[in-house]
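Asker: Provided herewith is a single structure, encoded as structure tokens, for subsequent inquiry.
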Amino acid sequence: MSERVLTIDLGNSRCKLVLWEREEVAEPRSPSHGSSRWQPLDERELSTSVAVSTEPFARFLDEWSSRTADIARVGLSSVAALSGEATLATTLRARFGERFVERPDPGLDNACVEPDRVGRDRLFAARGALEIMGGAAIVVDAGTALTVDALSHAGGRGRFEGGAIAPGPRLLADALARHAARLPHVDPAVGSRALGRDTDGALQAGVVVGFRGAARTLAREVARESGLDGAPIVVTGGAR
């Protein structure tokens, strides 16, 4: 017997859909094996603007109907604008009814002062790190924004300790082009060098090498301040 679940990650620029399948097994795998019983069956990615447009997204689900027919549950995690989240939730509720869970519980204790304001992308990235590592970790999620968070583990439960939020490389590039009159826009390129020989190269150095430096420093300091020195670092996100 197998079970299928659809997860939808609605970000600021991209919407990622993953269809998961779990085979019933007699003995669950240990987290130390690096994988769980849930395995990705299919993955799709759309722009956020398409995902929050009712008709295009409904057509996408129709095209994907052979995959979605026997889904047991659908979960949505969103950091997009509330209006876009509400539009997508309405489409999913109409399609899946009671199978749709708008705000699934990440199953973590939350040590933040205002836990309800913590982005669900950060919480589910931490939950994913817990499932993979089986314990404490520093979680680096590099996308439109860079988040670096501390995940502790005690008494059989994970605890989200908080962390840092900074601009991602594309956001850095956009900000420089928008607010500096004579600086052009660059697309961040993997492998950029710190020593730029022209303006474009210097911009690449700032938004790529500088971004890596920010991620490295934040990971080190978040680990130190949370008492998690030596914890593994788990990296995810489109700019990883």
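Within each chain, counting starts at residue 1; across the structure tokens, chains are named A, B, ... in the order shown, with ligands numbered 1 upward in that order.
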Identify, on the basis of only C-alpha atoms, every residue whose closest approach to Leu41 of chain A does not exceed 10 Å; exclude the query and any residue fewer than 6 positions from it along the same chain; express the result as a PyMOL selection string.
Answerer: chain A and resi 4-6+18-22+67
Asker: Could you tell me, as an MDAnalysis selection string, which residues of segment 8-235 of chain A DSSP assigns to alpha helix (DSSP H) when given the backbone?
Answerer: chainID A and resid 48:51 54:63 65:68 82:96 120:133 169:179 199:204 210:225
Asker: Could you check which of A:Ala215, A:Val186, A:Ala175, A:Ile8 is closest to Phe100 of chain A, using only C-alpha atoms?
Answerer: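 Smallest separation from Phe100 of chain A among the options: A:Ile8.
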Asker: Quick one: residues within 9 Å of Thr7 of chain A, only C-alpha atoms, excluding same-chain residues fewer than 3 positions away - as number ranges by chain?
Answerer: A: 16-20, 73-77
